[in-house]
$ cat work-v3.txt   # compact mmCIF, C-alpha atoms and all ligand atoms
# COMPACT_ATOMS: atom_id res chain seq x y z
CA MET F 24 16.02 -3.63 10.71
CA THR F 25 14.59 -2.63 7.34
CA THR F 26 11.66 -4.38 5.71
CA ALA F 27 10.91 -4.12 2.00
CA LEU F 28 7.62 -5.02 0.36
CA CYS F 29 7.58 -6.50 -3.16
CA PRO F 30 3.94 -6.45 -4.28
CA GLY F 31 2.49 -7.96 -7.43
CA SER F 32 -0.02 -10.29 -9.01
CA PHE F 33 2.58 -12.97 -9.72
CA ASP F 34 0.17 -14.85 -12.01
CA PRO F 35 2.46 -16.74 -12.30
CA PRO F 36 5.83 -15.67 -10.82
CA THR F 37 8.56 -15.37 -13.49
CA LEU F 38 12.35 -15.33 -13.19
CA GLY F 39 12.06 -11.52 -13.56
CA HIS F 40 10.07 -11.34 -10.30
CA VAL F 41 12.41 -13.84 -8.60
CA ASP F 42 15.46 -11.78 -9.57
CA ILE F 43 13.97 -8.58 -8.05
CA ILE F 44 12.98 -10.40 -4.82
CA GLU F 45 16.43 -12.03 -4.51
CA ARG F 46 18.17 -8.68 -4.94
CA CYS F 47 15.85 -7.16 -2.31
CA ALA F 48 16.78 -9.96 0.07
CA THR F 49 20.42 -8.91 -0.35
CA ALA F 50 19.72 -5.21 0.19
CA PHE F 51 17.16 -5.39 3.05
CA ASP F 52 16.90 -7.33 6.33
CA HIS F 53 13.41 -8.64 5.60
CA VAL F 54 11.35 -8.93 2.43
CA VAL F 55 7.58 -9.33 2.40
CA VAL F 56 6.30 -10.56 -0.95
CA GLY F 57 2.68 -9.37 -1.19
CA VAL F 58 0.51 -11.40 -3.54
CA ILE F 59 -2.48 -9.31 -4.64
CA GLU F 60 -5.62 -11.45 -4.57
CA ASN F 61 -7.63 -9.57 -7.24
CA PRO F 62 -10.23 -12.27 -8.01
CA SER F 63 -12.06 -9.84 -10.36
CA LYS F 64 -9.11 -10.07 -12.78
CA LYS F 65 -9.76 -13.82 -13.11
CA PRO F 66 -6.18 -14.98 -12.47
CA LEU F 67 -5.02 -18.32 -13.88
CA PHE F 68 -3.77 -19.33 -10.41
CA SER F 69 -5.54 -18.60 -7.11
CA ALA F 70 -3.78 -16.30 -4.65
CA GLU F 71 -3.10 -19.33 -2.46
CA GLU F 72 -1.46 -21.17 -5.39
CA ARG F 73 0.66 -18.13 -6.30
CA MET F 74 1.74 -17.78 -2.69
CA GLN F 75 2.69 -21.46 -2.47
CA MET F 76 4.73 -21.27 -5.70
CA LEU F 77 6.71 -18.31 -4.33
CA GLU F 78 7.15 -19.98 -0.94
CA LYS F 79 8.69 -22.98 -2.69
CA VAL F 80 11.08 -20.75 -4.66
CA PHE F 81 12.23 -18.95 -1.49
CA GLU F 82 12.08 -21.91 0.93
CA GLU F 83 15.81 -21.54 1.63
CA THR F 84 15.74 -17.77 2.10
CA PRO F 85 14.34 -17.22 5.61
CA SER F 86 14.31 -13.42 5.31
CA VAL F 87 11.63 -13.67 2.58
CA VAL F 88 8.00 -14.21 3.62
CA VAL F 89 5.11 -14.51 1.18
CA VAL F 90 1.65 -13.21 2.13
CA THR F 91 -1.58 -12.69 0.18
CA PHE F 92 -3.58 -9.50 0.59
CA GLN F 93 -6.58 -7.61 -0.73
CA GLY F 94 -7.53 -3.96 -0.58
CA LEU F 95 -5.23 -0.95 -0.54
CA LEU F 96 -1.52 -1.68 -0.88
CA VAL F 97 -0.57 0.99 1.66
CA ASP F 98 -2.94 -0.47 4.27
CA PHE F 99 -1.28 -3.83 3.83
CA ALA F 100 2.18 -2.20 3.95
CA LYS F 101 1.33 -0.46 7.23
CA SER F 102 -0.09 -3.65 8.75
CA ARG F 103 3.26 -5.38 8.07
CA ASP F 104 5.41 -2.46 9.31
CA VAL F 105 7.03 -2.07 5.92
CA ASP F 106 9.72 0.61 5.49
CA VAL F 107 9.81 0.73 1.71
CA ILE F 108 7.93 -0.63 -1.29
CA VAL F 109 10.17 -1.97 -4.07
CA LYS F 110 9.03 -2.24 -7.69
CA GLY F 111 10.90 -3.72 -10.62
CA LEU F 112 11.11 -1.54 -13.72
CA ARG F 113 11.39 -3.08 -17.16
CA GLY F 114 11.27 0.14 -19.13
CA VAL F 115 9.56 3.47 -19.65
CA ALA F 116 6.09 1.96 -19.84
CA ASP F 117 6.52 0.54 -16.32
CA PHE F 118 8.04 3.82 -15.14
CA GLU F 119 5.14 6.03 -16.19
CA TYR F 120 2.60 3.90 -14.38
CA GLU F 121 4.77 3.11 -11.36
CA GLN F 122 5.78 6.72 -10.76
CA GLN F 123 2.13 7.76 -10.45
CA MET F 124 1.40 4.82 -8.12
CA ALA F 125 4.48 5.65 -6.02
CA GLN F 126 3.41 9.26 -5.64
CA MET F 127 -0.17 8.28 -4.74
CA ASN F 128 1.04 5.71 -2.20
CA HIS F 129 3.40 8.25 -0.64
CA ARG F 130 0.60 10.80 -0.43
CA LEU F 131 -1.67 8.25 1.25
CA SER F 132 0.79 6.77 3.72
CA GLY F 133 4.19 8.49 3.72
CA ILE F 134 5.75 5.20 2.59
CA ASP F 135 8.34 5.58 -0.16
CA THR F 136 8.72 3.39 -3.24
CA MET F 137 12.13 2.48 -4.66
CA PHE F 138 12.63 1.22 -8.19
CA MET F 139 14.98 -1.57 -9.11
CA ALA F 140 16.08 -1.87 -12.73
CA THR F 141 15.31 -5.22 -14.28
CA ASN F 142 18.09 -7.65 -14.97
CA PRO F 143 18.54 -7.11 -18.74
CA GLY F 144 18.17 -10.83 -19.29
CA TYR F 145 14.58 -10.65 -18.00
CA GLY F 146 13.44 -7.26 -19.28
CA TYR F 147 11.10 -8.82 -21.86
CA LEU F 148 9.29 -11.02 -19.34
CA SER F 149 5.78 -10.42 -18.08
CA SER F 150 3.40 -12.95 -16.56
CA SER F 151 0.73 -12.20 -19.15
CA LEU F 152 3.05 -12.66 -22.13
CA VAL F 153 4.47 -15.89 -20.70
CA LYS F 154 0.92 -17.26 -20.29
CA GLU F 155 -0.01 -16.25 -23.82
CA VAL F 156 3.09 -17.85 -25.33
CA ALA F 157 2.61 -21.02 -23.25
CA LYS F 158 -1.05 -21.30 -24.33
CA LEU F 159 0.04 -21.14 -27.96
CA GLY F 160 2.57 -23.92 -27.41
CA GLY F 161 5.75 -21.82 -27.07
CA GLU F 162 8.57 -23.02 -24.82
CA VAL F 163 8.74 -20.98 -21.62
CA ALA F 164 10.82 -23.28 -19.39
CA ALA F 165 13.78 -20.87 -19.31
CA MET F 166 11.57 -17.99 -18.15
CA LEU F 167 10.12 -19.55 -14.99
CA PRO F 168 11.27 -21.27 -11.80
CA ALA F 169 11.02 -25.07 -12.33
CA ASN F 170 8.04 -25.55 -9.97
CA VAL F 171 6.13 -22.71 -11.67
CA TYR F 172 6.84 -24.18 -15.11
CA GLU F 173 5.41 -27.55 -14.04
CA ALA F 174 2.30 -25.89 -12.55
CA LEU F 175 1.74 -23.80 -15.69
CA LYS F 176 2.12 -26.81 -18.01
CA GLU F 177 -0.47 -28.68 -15.98
CA ARG F 178 -2.90 -25.75 -15.79
CA ILE F 179 -2.75 -25.07 -19.52
P1 LIG F 201 3.30 -8.53 -14.50
O1 LIG F 201 1.91 -9.07 -14.61
O2 LIG F 201 3.50 -7.19 -15.16
O3 LIG F 201 4.38 -9.51 -14.82
P2 LIG F 201 3.13 -8.08 -11.55
O4 LIG F 201 1.96 -7.25 -11.20
O5 LIG F 201 3.10 -9.46 -10.99
O6 LIG F 201 3.47 -8.17 -13.04
O7 LIG F 201 4.47 -7.34 -11.16
C1 LIG F 201 4.91 -7.08 -9.87
C2 LIG F 201 6.16 -6.24 -9.91
O8 LIG F 201 7.20 -6.95 -10.58
C3 LIG F 201 6.04 -4.91 -10.66
O9 LIG F 201 6.85 -3.97 -9.99
C4 LIG F 201 6.62 -5.21 -12.01
O10 LIG F 201 7.12 -4.05 -12.64
C5 LIG F 201 7.73 -6.15 -11.62
N1 LIG F 201 8.14 -7.04 -12.70
C6 LIG F 201 7.37 -7.88 -13.42
N2 LIG F 201 8.11 -8.53 -14.34
C7 LIG F 201 9.39 -8.08 -14.19
C8 LIG F 201 10.63 -8.34 -14.86
N3 LIG F 201 10.69 -9.19 -15.87
N4 LIG F 201 11.74 -7.70 -14.43
C9 LIG F 201 11.64 -6.81 -13.41
N5 LIG F 201 10.53 -6.51 -12.75
C10 LIG F 201 9.41 -7.14 -13.13
$ encode --input "work-v3.txt" --output "structure tokens" --more "lines below"
Ligand code: ADP
Amino acid sequence: MTTALCPGSFDPPTLGHVDIIERCATAFDHVVVGVIENPSKKPLFSAEERMQMLEKVFEETPSVVVVTFQGLLVDFAKSRDVDVIVKGLRGVADFEYEQQMAQMNHRLSGIDTMFMATNPGYGYLSSSLVKEVAKLGGEVAAMLPANVYEALKERI
């Protein structure tokens, strides 16, 4: 049985995140989606809200569980018996940062990180850009799961 961890802020989850998690659910027996709490970054949605949005999206995929966490990613990964961390890569900017993180996390814990290339249809999506566009009145319905879109409209 292999368990993958998909960590992120998910503030809010986009279809880019959902695509990576769905593909992980196909490749691995279990997927833990780790929602980083990070209150100091002043997220638009609380960790609990982000977790509930993702739980709704994956309510029919029993191999996916969504959990919030704080502190070191590798400590959380060890506490959940994770075999591998999976990160989505949109392009070289993601790669440069993620490679350093992957090497640090491996040094700290021995846990490997695998990279999954973004679905080209979602390569331009980031939570921060979606929020910015939505705040300025742009239409973001096609970039988010339906429940997330409704929550974002209400929050903004
Ligand atoms: P962001 O604020 O950059 O959207 P997160 O911290 O929530 O992101 O990202 C969690 C993980 O999801 C990271 O590995 C990130 O590279 C990946 N990710 C984010 N958006 C996409 C996307 N559109 N396609 C593929 N992977 C993505």
$ closest_residue --input "work-v3.txt" --among "F:Val105, F:Met74, F:Leu148, F:Ile179" --to "ligand LIG 201 (chain F)" --atoms "only C-alpha atoms and all ligand atoms"
F:Leu148
$ residues_near_point --input "work-v3.txt" --point "(-2.4, -23.4, -9.5)" --cutoff "8 Å" --atoms "only C-alpha atoms" --output "ChimeraX atom specification"
/F:67-69,72-73,174-175,178
$ residues_near_ligand --input "work-v3.txt" --ligand "ligand LIG 201 (chain F)" --cutoff "8 Å" --atoms "all atoms listed in the file" --output "PyMOL selection string"
chain F and resi 29-40+42-43+109-113+117+121+138-142+145-151
$ atom_distance --input "work-v3.txt" --atom1 "CA of Tyr120 in chain F" --atom2 "CA of Lys101 in chain F"
22.1 Å
$ residues_near_point --input "work-v3.txt" --point "(0.6, -11.1, 4.4)" --cutoff "9 Å" --atoms "all atoms listed in the file" --output "list of chain:residue names"
F:Val55, F:Val56, F:Gly57, F:Val58, F:Val88, F:Val89, F:Val90, F:Thr91, F:Phe92, F:Phe99, F:Ser102, F:Arg103
$ atom_distance --input "work-v3.txt" --atom1 "CA of Leu152 in chain F" --atom2 "CA of Glu78 in chain F"
22.8 Å
$ residues_around --input "work-v3.txt" --residues "Thr49 in chain F" --least-positions-apart "3" --cutoff "12 Å" --atoms "all atoms listed in the file" --output "MDAnalysis selection string"
chainID F and resid 25:27 42:46 52:54 84:87
$ axis_aligned_box --input "work-v3.txt" --around "range 36-49 of chain F" --padding-each-side "6 Å" --output "AutoDock Vina command-line options"
--center_x 13.1 --center_y -11.4 --center_z -6.7 --size_x 26.6 --size_y 20.5 --size_z 25.6
